>>> print(open('start.cif').read())   # mmCIF, C-alpha atoms
data_work
loop_
_atom_site.label_atom_id
_atom_site.label_comp_id
_atom_site.auth_asym_id
_atom_site.auth_seq_id
_atom_site.Cartn_x
_atom_site.Cartn_y
_atom_site.Cartn_z
CA MET A 22 6.60 30.09 54.38
CA ASN A 23 8.29 26.74 54.86
CA ARG A 24 9.55 24.96 51.76
CA ARG A 25 9.47 21.22 51.33
CA GLU A 26 12.75 19.44 51.81
CA GLY A 27 14.76 19.27 48.62
CA GLU A 28 12.52 21.72 46.72
CA GLY A 29 14.51 24.31 44.79
CA CYS A 30 17.77 22.35 45.12
CA PRO A 31 18.23 20.60 41.76
CA ARG A 32 21.89 19.87 42.46
CA ARG A 33 21.05 18.12 45.72
CA ASN A 34 18.37 16.06 43.94
CA ALA A 35 20.76 15.10 41.12
CA ASP A 36 23.39 14.01 43.64
CA ALA A 37 20.79 11.91 45.43
CA VAL A 38 19.85 10.18 42.17
CA GLN A 39 23.50 9.44 41.40
CA ASP A 40 24.05 8.04 44.86
CA ARG A 41 20.98 5.85 44.52
CA ASP A 42 22.13 4.56 41.10
CA ALA A 43 25.60 3.85 42.43
CA SER A 44 24.20 1.95 45.39
CA ALA A 45 21.87 -0.18 43.19
CA ASP A 46 22.75 -3.84 43.40
CA PRO A 47 23.46 -5.24 39.90
CA SER A 48 22.35 -8.65 41.11
CA SER A 49 18.98 -7.32 42.23
CA PRO A 50 16.02 -9.16 40.63
CA VAL A 51 14.42 -5.83 39.77
CA ILE A 52 17.52 -4.57 37.94
CA ALA A 53 17.85 -7.91 36.14
CA ALA A 54 14.18 -7.80 35.09
CA PHE A 55 14.51 -4.30 33.69
CA LYS A 56 17.62 -5.29 31.74
CA VAL A 57 15.55 -8.04 30.12
CA PHE A 58 12.85 -5.51 29.31
CA GLN A 59 15.45 -3.21 27.79
CA GLN A 60 16.79 -5.99 25.59
CA GLU A 61 13.31 -6.96 24.42
CA LEU A 62 12.41 -3.37 23.55
CA ASP A 63 15.70 -2.85 21.69
CA THR A 64 15.12 -6.05 19.72
CA LYS A 65 11.58 -5.01 18.83
CA HIS A 66 12.71 -1.53 17.80
CA ASP A 67 15.47 -2.93 15.56
CA LYS A 68 13.00 -5.31 13.91
CA TYR A 69 10.55 -2.46 13.38
CA GLU A 70 13.21 -0.36 11.66
CA ARG A 71 14.21 -3.26 9.40
CA LEU A 72 10.57 -3.72 8.40
CA VAL A 73 10.27 -0.01 7.60
CA LYS A 74 13.28 -0.22 5.28
CA ILE A 75 11.97 -3.33 3.51
CA SER A 76 8.54 -1.73 3.14
CA ARG A 77 10.16 1.33 1.58
CA ASP A 78 11.85 -0.90 -1.02
CA VAL A 79 8.53 -2.64 -1.72
CA THR A 80 6.84 0.73 -2.23
CA ILE A 81 9.51 2.00 -4.62
CA GLU A 82 9.54 -1.14 -6.79
CA SER A 83 5.75 -1.33 -6.84
CA LYS A 84 5.52 2.28 -8.02
CA ARG A 85 8.03 1.56 -10.77
CA THR A 86 5.90 -1.38 -11.87
CA ILE A 87 2.82 0.83 -12.01
CA PHE A 88 4.66 3.43 -14.10
CA LEU A 89 5.75 0.65 -16.43
CA LEU A 90 2.20 -0.68 -16.81
CA HIS A 91 0.92 2.71 -17.91
CA ARG A 92 2.94 2.25 -21.10
CA VAL A 93 0.66 -0.54 -22.33
CA THR A 94 -1.67 2.01 -23.91
CA SER A 95 1.08 3.44 -26.13
CA VAL A 96 3.04 0.40 -27.35
CA PRO A 97 2.12 -2.01 -30.16
CA ASN A 98 3.00 -5.14 -28.20
CA ALA A 99 1.69 -4.90 -24.64
CA GLU A 100 2.73 -8.44 -23.73
CA ASP A 101 6.39 -7.43 -23.47
CA ILE A 102 5.44 -4.75 -20.94
CA LEU A 103 3.33 -7.23 -18.96
CA ASN A 104 6.14 -9.79 -18.87
CA GLU A 105 8.58 -7.16 -17.64
CA ALA A 106 6.06 -6.18 -14.97
CA ASP A 107 5.86 -9.84 -13.89
CA VAL A 108 9.62 -9.88 -13.38
CA LYS A 109 9.48 -6.71 -11.29
CA LEU A 110 6.64 -8.04 -9.15
CA ASP A 111 8.57 -11.28 -8.57
CA ALA A 112 11.38 -9.16 -7.12
CA VAL A 113 8.84 -7.33 -4.95
CA ARG A 114 7.51 -10.66 -3.68
CA GLN A 115 11.03 -11.59 -2.60
CA LYS A 116 11.08 -8.41 -0.51
CA ILE A 117 7.75 -9.40 1.01
CA GLY A 118 9.33 -12.77 1.77
CA GLN A 119 11.87 -10.88 3.87
CA ILE A 120 8.98 -9.28 5.76
CA ALA A 121 7.49 -12.72 6.32
CA GLU A 122 10.83 -13.92 7.67
CA GLU A 123 11.03 -10.98 10.08
CA LEU A 124 7.48 -11.67 11.30
CA ARG A 125 8.01 -15.38 11.84
CA GLY A 126 6.79 -16.14 15.36
CA GLU A 127 5.72 -12.52 15.96
CA ASP A 128 2.35 -10.86 16.32
CA ILE A 129 1.83 -9.22 12.92
CA PHE A 130 -0.29 -6.40 14.34
CA GLN A 131 2.54 -5.21 16.60
CA PHE A 132 4.54 -4.33 13.47
CA HIS A 133 1.71 -3.69 11.01
CA ARG A 134 2.29 0.05 10.75
CA ALA A 135 5.88 -0.57 9.73
CA PHE A 136 5.02 -2.29 6.43
CA THR A 137 1.38 -1.49 5.64
CA ALA A 138 2.27 1.25 3.13
CA GLY A 139 4.45 -1.11 1.10
CA ILE A 140 1.83 -3.87 1.09
CA GLN A 141 -0.87 -1.45 -0.07
CA GLU A 142 1.35 -0.32 -2.93
CA TYR A 143 2.04 -3.94 -3.88
CA VAL A 144 -1.69 -4.71 -3.91
CA GLU A 145 -2.22 -1.70 -6.14
CA ALA A 146 0.48 -2.85 -8.59
CA VAL A 147 -0.54 -6.50 -8.76
CA SER A 148 -4.24 -5.65 -9.11
CA PHE A 149 -3.41 -3.16 -11.90
CA LEU A 150 -1.51 -5.85 -13.78
CA HIS A 151 -4.32 -8.34 -13.22
CA TYR A 152 -6.92 -5.91 -14.55
CA ILE A 153 -4.94 -5.17 -17.71
CA ARG A 154 -4.65 -8.87 -18.43
CA HIS A 155 -8.07 -10.16 -17.34
CA ARG A 156 -10.30 -7.08 -17.09
CA ASN A 157 -11.46 -7.98 -13.59
CA LEU A 158 -10.41 -7.48 -9.97
CA ILE A 159 -7.95 -9.84 -8.36
CA SER A 160 -9.17 -11.38 -5.12
CA LEU A 161 -7.46 -11.32 -1.74
CA GLU A 162 -7.11 -15.10 -1.89
CA GLU A 163 -5.27 -14.91 -5.22
CA ILE A 164 -2.85 -12.34 -3.83
CA ASN A 165 -2.11 -14.40 -0.73
CA ALA A 166 -1.68 -17.56 -2.79
CA SER A 167 1.34 -15.98 -4.51
CA LEU A 168 2.97 -14.99 -1.21
CA VAL A 169 4.22 -18.44 -0.22
CA PHE A 170 7.97 -18.83 0.22
CA MET A 171 10.55 -21.39 1.24
CA ARG A 172 12.79 -20.57 4.19
CA THR A 173 16.44 -21.28 3.48
CA GLU A 174 19.19 -22.20 5.92
CA LYS A 175 20.57 -18.66 5.73
CA GLY A 176 17.31 -17.31 7.11
CA SER A 177 16.09 -15.73 3.88
CA ALA A 178 12.83 -16.42 2.06
CA GLU A 179 12.85 -17.54 -1.56
CA ALA A 180 10.25 -18.66 -4.07
CA LEU A 181 8.42 -21.85 -3.16
CA GLN A 182 10.31 -25.01 -4.13
CA PRO A 183 9.80 -28.70 -3.37
CA GLY A 184 11.03 -29.49 0.13
CA GLY A 185 12.14 -27.03 2.75
CA GLN A 186 10.23 -25.04 5.33
CA VAL A 187 7.25 -23.14 3.97
CA LEU A 188 6.82 -19.50 4.96
CA THR A 189 3.67 -17.53 4.16
CA PHE A 190 2.59 -13.91 4.29
CA GLN A 191 -1.07 -12.96 4.55
CA VAL A 192 -2.24 -9.57 3.29
CA THR A 193 -4.83 -8.21 5.72
CA PRO A 194 -8.31 -7.31 4.40
CA SER A 195 -7.76 -3.65 5.30
CA ASP A 196 -4.51 -3.46 3.29
CA TYR A 197 -6.29 -5.15 0.38
CA LEU A 198 -9.15 -2.65 0.45
CA LEU A 199 -6.81 0.33 0.68
CA GLY A 200 -4.73 -0.99 -2.22
CA VAL A 201 -7.84 -1.45 -4.36
CA ALA A 202 -8.96 2.08 -3.48
CA ASP A 203 -5.63 3.41 -4.76
CA LEU A 204 -6.04 1.31 -7.92
CA THR A 205 -8.95 3.49 -9.00
CA GLY A 206 -6.62 6.46 -9.46
CA GLU A 207 -4.37 4.45 -11.77
CA LEU A 208 -7.38 3.29 -13.79
CA MET A 209 -8.45 6.91 -14.20
CA ARG A 210 -4.98 7.76 -15.56
CA MET A 211 -5.17 4.75 -17.85
CA CYS A 212 -8.45 6.12 -19.16
CA ILE A 213 -6.78 9.44 -20.01
CA SER A 214 -3.96 7.67 -21.84
CA SER A 215 -6.38 5.50 -23.76
CA VAL A 216 -8.37 8.49 -24.95
CA GLY A 217 -5.17 10.21 -26.03
CA ASN A 218 -4.31 7.20 -28.19
CA GLY A 219 -7.71 7.21 -29.84
CA ASP A 220 -9.13 4.27 -27.88
CA ILE A 221 -12.75 5.13 -27.16
CA ASP A 222 -13.79 1.69 -25.88
CA THR A 223 -11.54 1.42 -22.82
CA PRO A 224 -13.06 4.45 -21.01
CA PHE A 225 -16.49 2.84 -21.05
CA GLN A 226 -15.08 -0.45 -19.75
CA LEU A 227 -13.25 1.40 -17.00
CA SER A 228 -16.34 3.37 -16.11
CA GLN A 229 -18.36 0.21 -15.58
CA PHE A 230 -15.56 -1.43 -13.60
CA LEU A 231 -15.04 1.61 -11.36
CA ARG A 232 -18.77 1.82 -10.73
CA GLN A 233 -18.72 -1.79 -9.50
CA ILE A 234 -15.80 -1.02 -7.16
CA HIS A 235 -17.60 2.06 -5.88
CA ASP A 236 -20.74 0.04 -5.20
CA GLY A 237 -18.67 -2.49 -3.27
CA PHE A 238 -17.11 0.19 -1.10
CA SER A 239 -20.53 1.73 -0.55
CA TYR A 240 -21.69 -1.52 1.04
CA ILE A 241 -18.85 -1.20 3.56
CA GLY A 242 -19.78 2.36 4.43
CA ASN A 243 -18.57 3.48 7.85
CA THR A 244 -18.21 -0.07 9.14
CA GLY A 245 -14.77 -0.56 7.59
CA PRO A 246 -11.37 0.83 8.59
CA TYR A 247 -11.09 4.59 9.01
CA GLU A 248 -8.61 4.86 6.13
CA VAL A 249 -11.12 3.26 3.75
CA SER A 250 -13.72 5.96 4.35
CA LYS A 251 -11.04 8.60 3.72
CA LYS A 252 -10.06 7.10 0.37
CA LEU A 253 -13.67 6.67 -0.70
CA HIS A 254 -13.77 10.38 -1.56
CA THR A 255 -10.80 9.97 -3.94
CA LEU A 256 -12.47 6.92 -5.46
CA ARG A 257 -15.57 8.98 -6.18
CA GLN A 258 -13.48 11.68 -7.80
CA SER A 259 -11.79 9.15 -10.11
CA LEU A 260 -15.13 7.62 -11.05
CA GLY A 261 -16.62 11.06 -11.69
CA LYS A 262 -13.78 12.01 -14.04
CA VAL A 263 -14.06 8.78 -16.01
CA GLU A 264 -17.84 9.08 -16.30
CA ASP A 265 -17.49 12.70 -17.36
CA ALA A 266 -15.09 11.60 -20.10
CA CYS A 267 -17.51 8.90 -21.25
CA TYR A 268 -20.25 11.49 -21.45
CA ALA A 269 -18.05 13.74 -23.60
CA LEU A 270 -17.13 10.82 -25.86
CA ARG A 271 -20.72 9.70 -26.24
CA VAL A 272 -22.13 13.16 -26.94
CA ARG A 273 -19.30 14.79 -28.90
CA GLY A 274 -17.08 11.88 -29.84
CA SER A 275 -18.16 11.91 -33.47
CA GLU A 276 -17.47 15.64 -33.74
CA ILE A 277 -13.95 15.64 -32.32
CA PRO A 278 -10.91 14.19 -34.14
CA LYS A 279 -9.26 11.37 -32.25
CA HIS A 280 -6.00 13.24 -31.80
CA MET A 281 -7.89 16.00 -29.94
CA LEU A 282 -9.88 13.78 -27.60
CA ALA A 283 -7.24 13.83 -24.87
CA ASP A 284 -7.21 17.66 -24.77
CA VAL A 285 -10.98 17.83 -24.53
CA PHE A 286 -11.01 15.18 -21.83
CA SER A 287 -8.35 16.96 -19.79
CA SER A 288 -10.19 20.28 -19.98
CA ARG A 289 -13.45 18.68 -18.85
CA THR A 290 -11.90 16.84 -15.90
CA THR A 291 -10.45 20.07 -14.55
CA LEU A 292 -13.98 21.50 -14.43
CA LEU A 293 -15.23 18.70 -12.17
CA ASP A 294 -15.92 20.05 -8.71
CA PRO A 295 -13.83 17.92 -6.32
CA GLU A 296 -16.41 18.40 -3.59
CA GLU A 297 -19.32 17.06 -5.64
CA GLY A 298 -18.17 13.44 -5.85
CA VAL A 299 -20.67 10.97 -7.25
CA VAL A 300 -24.31 10.66 -6.37
#
>>> encode(input="start.cif", output="structure tokens")
Amino acid sequence: MNRREGEGCPRRNADAVQDRDASADPSSPVIAAFKVFQQELDTKHDKYERLVKISRDVTIESKRTIFLLHRVTSVPNAEDILNEADVKLDAVRQKIGQIAEELRGEDIFQFHRAFTAGIQEYVEAVSFLHYIRHRNLISLEEINASLVFMRTEKGSAEALQPGGQVLTFQVTPSDYLLGVADLTGELMRMCISSVGNGDIDTPFQLSQFLRQIHDGFSYIGNTGPYEVSKKLHTLRQSLGKVEDACYALRVRGSEIPKHMLADVFSSRTTLLDPEEGVV
């Protein structure tokens, strides 16, 4: 049976490719166009990697701020903790200013996956701080209002000052929703800490607040981003644990010493079926 020319001769094919590459005219418009494409792709890849690194720093510092805020339930003067958290979040905003500088003149959605994790963690941290101070949910507009920077001559973004070129960063609605969904887990942990310190009022406040967040996410349903529907299950778990704790406090709170409330709460939350969620 006849074989097609060149088939089964990898060395001959490789030599043909080398000869063709050697004979390519460097001044050819096609070669020049592909060199431009190569440069554009390399530039985009380098920018993407820089955004990933900045986003990682934003995530780390935001998590540290959240860990710090959990101490407010166990210290006599919570204002010192809140002021320290403000300082940490200011440093995080400077990192976000670097993201804004990298995205200047670019399509944000081409690089969104590079920094979305960091922005979600920042939303979680800043909304946690806002809730502790004001007992309500920070809005997307309030978050974006604090992400306004001044571009310096060195190409870096600093806090807004009179004069200079203004640079802004806009948190997308999906990142805001995902950050708020993660906030519910931190509020559930805050509820546990509050019970352990003998505070029986905070769990009921948190239960009402989490129910309002759950109702808001229920309105979105399956019309929102795919990630939101995935995190809705975790939100329901957090709400179920807090409501279960409130039930235990309401029914047996007068029978249990305050120093034992945390143990009872922990044992009851482990009995909650993770597949049941909330009706």
>>> residues_around(input="start.cif", residues="segment 161-170 of chain A", least_positions_apart="2", cutoff="9 Å", atoms="only C-alpha atoms", output="PDB file with C-alpha atoms, keeping the file's coordinate frame")
ATOM      1  CA  ARG A 114       7.510 -10.660  -3.680  1.00  0.00           C
ATOM      2  CA  GLN A 115      11.030 -11.590  -2.600  1.00  0.00           C
ATOM      3  CA  ILE A 117       7.750  -9.400   1.010  1.00  0.00           C
ATOM      4  CA  GLY A 118       9.330 -12.770   1.770  1.00  0.00           C
ATOM      5  CA  ALA A 121       7.490 -12.720   6.320  1.00  0.00           C
ATOM      6  CA  VAL A 144      -1.690  -4.710  -3.910  1.00  0.00           C
ATOM      7  CA  VAL A 147      -0.540  -6.500  -8.760  1.00  0.00           C
ATOM      8  CA  SER A 148      -4.240  -5.650  -9.110  1.00  0.00           C
ATOM      9  CA  ILE A 159      -7.950  -9.840  -8.360  1.00  0.00           C
ATOM     10  CA  ARG A 172      12.790 -20.570   4.190  1.00  0.00           C
ATOM     11  CA  ALA A 178      12.830 -16.420   2.060  1.00  0.00           C
ATOM     12  CA  GLU A 179      12.850 -17.540  -1.560  1.00  0.00           C
ATOM     13  CA  ALA A 180      10.250 -18.660  -4.070  1.00  0.00           C
ATOM     14  CA  LEU A 181       8.420 -21.850  -3.160  1.00  0.00           C
ATOM     15  CA  GLN A 182      10.310 -25.010  -4.130  1.00  0.00           C
ATOM     16  CA  GLN A 186      10.230 -25.040   5.330  1.00  0.00           C
ATOM     17  CA  VAL A 187       7.250 -23.140   3.970  1.00  0.00           C
ATOM     18  CA  LEU A 188       6.820 -19.500   4.960  1.00  0.00           C
ATOM     19  CA  THR A 189       3.670 -17.530   4.160  1.00  0.00           C
ATOM     20  CA  PHE A 190       2.590 -13.910   4.290  1.00  0.00           C
ATOM     21  CA  GLN A 191      -1.070 -12.960   4.550  1.00  0.00           C
ATOM     22  CA  VAL A 192      -2.240  -9.570   3.290  1.00  0.00           C
ATOM     23  CA  THR A 193      -4.830  -8.210   5.720  1.00  0.00           C
ATOM     24  CA  PRO A 194      -8.310  -7.310   4.400  1.00  0.00           C
ATOM     25  CA  TYR A 197      -6.290  -5.150   0.380  1.00  0.00           C
TER      26      TYR A 197
END
>>> residues_around(input="start.cif", residues="Gln233 of chain A", least_positions_apart="3", cutoff="12 Å", atoms="all atoms listed in the file", output="list of chain:residue names")
A:Asn157, A:Leu158, A:Thr205, A:Gln226, A:Leu227, A:Ser228, A:Gln229, A:Phe230, A:Asp236, A:Gly237, A:Phe238, A:Ser239, A:Tyr240, A:Leu256, A:Arg257, A:Leu260
>>> residues_around(input="start.cif", residues="Ile241 of chain A", least_positions_apart="4", cutoff="12 Å", atoms="all atoms listed in the file", output="PyMOL selection string")
chain A and resi 195+198+234-237+245-247+249-250+253
>>> closest_residue(input="start.cif", among="A:Asp101, A:Ala266, A:Tyr69, A:Gln258", to="Gln131 of chain A", atoms="only C-alpha atoms")
A:Tyr69
>>> atom_distance(input="start.cif", atom1="atom CA of Arg71 of chain A", atom2="atom CA of Glu123 of chain A")
8.4 Å
>>> atom_distance(input="start.cif", atom1="atom CA of Leu208 of chain A", atom2="atom CA of Asp78 of chain A")
23.5 Å
>>> closest_residue(input="start.cif", among="A:Val79, A:Val51, A:Val263, A:Ile140", to="Asp203 of chain A", atoms="only C-alpha atoms")
A:Ile140
>>> closest_residue(input="start.cif", among="A:Val73, A:Ala138, A:Val201, A:Leu90", to="Ser214 of chain A", atoms="only C-alpha atoms")
A:Leu90
>>> atom_distance(input="start.cif", atom1="atom CA of Leu103 of chain A", atom2="atom CA of Arg154 of chain A")
8.2 Å
>>> resolve_selection(input="start.cif", expression="the PyMOL selection byres ((chain A and resi 113) around 10)", output="mmCIF file with C-alpha atoms, keeping the file's coordinate frame")
data_model
loop_
_atom_site.group_PDB
_atom_site.id
_atom_site.type_symbol
_atom_site.label_atom_id
_atom_site.label_comp_id
_atom_site.auth_asym_id
_atom_site.auth_seq_id
_atom_site.Cartn_x
_atom_site.Cartn_y
_atom_site.Cartn_z
ATOM 1 C CA ILE A 75 11.970 -3.330 3.510
ATOM 2 C CA SER A 76 8.540 -1.730 3.140
ATOM 3 C CA ASP A 78 11.850 -0.900 -1.020
ATOM 4 C CA VAL A 79 8.530 -2.640 -1.720
ATOM 5 C CA THR A 80 6.840 0.730 -2.230
ATOM 6 C CA ILE A 81 9.510 2.000 -4.620
ATOM 7 C CA GLU A 82 9.540 -1.140 -6.790
ATOM 8 C CA SER A 83 5.750 -1.330 -6.840
ATOM 9 C CA THR A 86 5.900 -1.380 -11.870
ATOM 10 C CA ASP A 107 5.860 -9.840 -13.890
ATOM 11 C CA VAL A 108 9.620 -9.880 -13.380
ATOM 12 C CA LYS A 109 9.480 -6.710 -11.290
ATOM 13 C CA LEU A 110 6.640 -8.040 -9.150
ATOM 14 C CA ASP A 111 8.570 -11.280 -8.570
ATOM 15 C CA ALA A 112 11.380 -9.160 -7.120
ATOM 16 C CA ARG A 114 7.510 -10.660 -3.680
ATOM 17 C CA GLN A 115 11.030 -11.590 -2.600
ATOM 18 C CA LYS A 116 11.080 -8.410 -0.510
ATOM 19 C CA ILE A 117 7.750 -9.400 1.010
ATOM 20 C CA GLY A 118 9.330 -12.770 1.770
ATOM 21 C CA GLN A 119 11.870 -10.880 3.870
ATOM 22 C CA GLY A 139 4.450 -1.110 1.100
ATOM 23 C CA ILE A 140 1.830 -3.870 1.090
ATOM 24 C CA TYR A 143 2.040 -3.940 -3.880
#
>>> closest_residue(input="start.cif", among="A:Gly242, A:Gly261, A:Gly219, A:Pro97", to="Gly206 of chain A", atoms="only C-alpha atoms")
A:Gly261
>>> closest_residue(input="start.cif", among="A:Glu264, A:Asp67, A:Glu248, A:Glu145", to="Cys212 of chain A", atoms="all atoms listed in the file")
A:Glu264
>>> closest_residue(input="start.cif", among="A:Lys251, A:Ser215, A:Ile87, A:His155", to="Cys267 of chain A", atoms="only C-alpha atoms")
A:Ser215
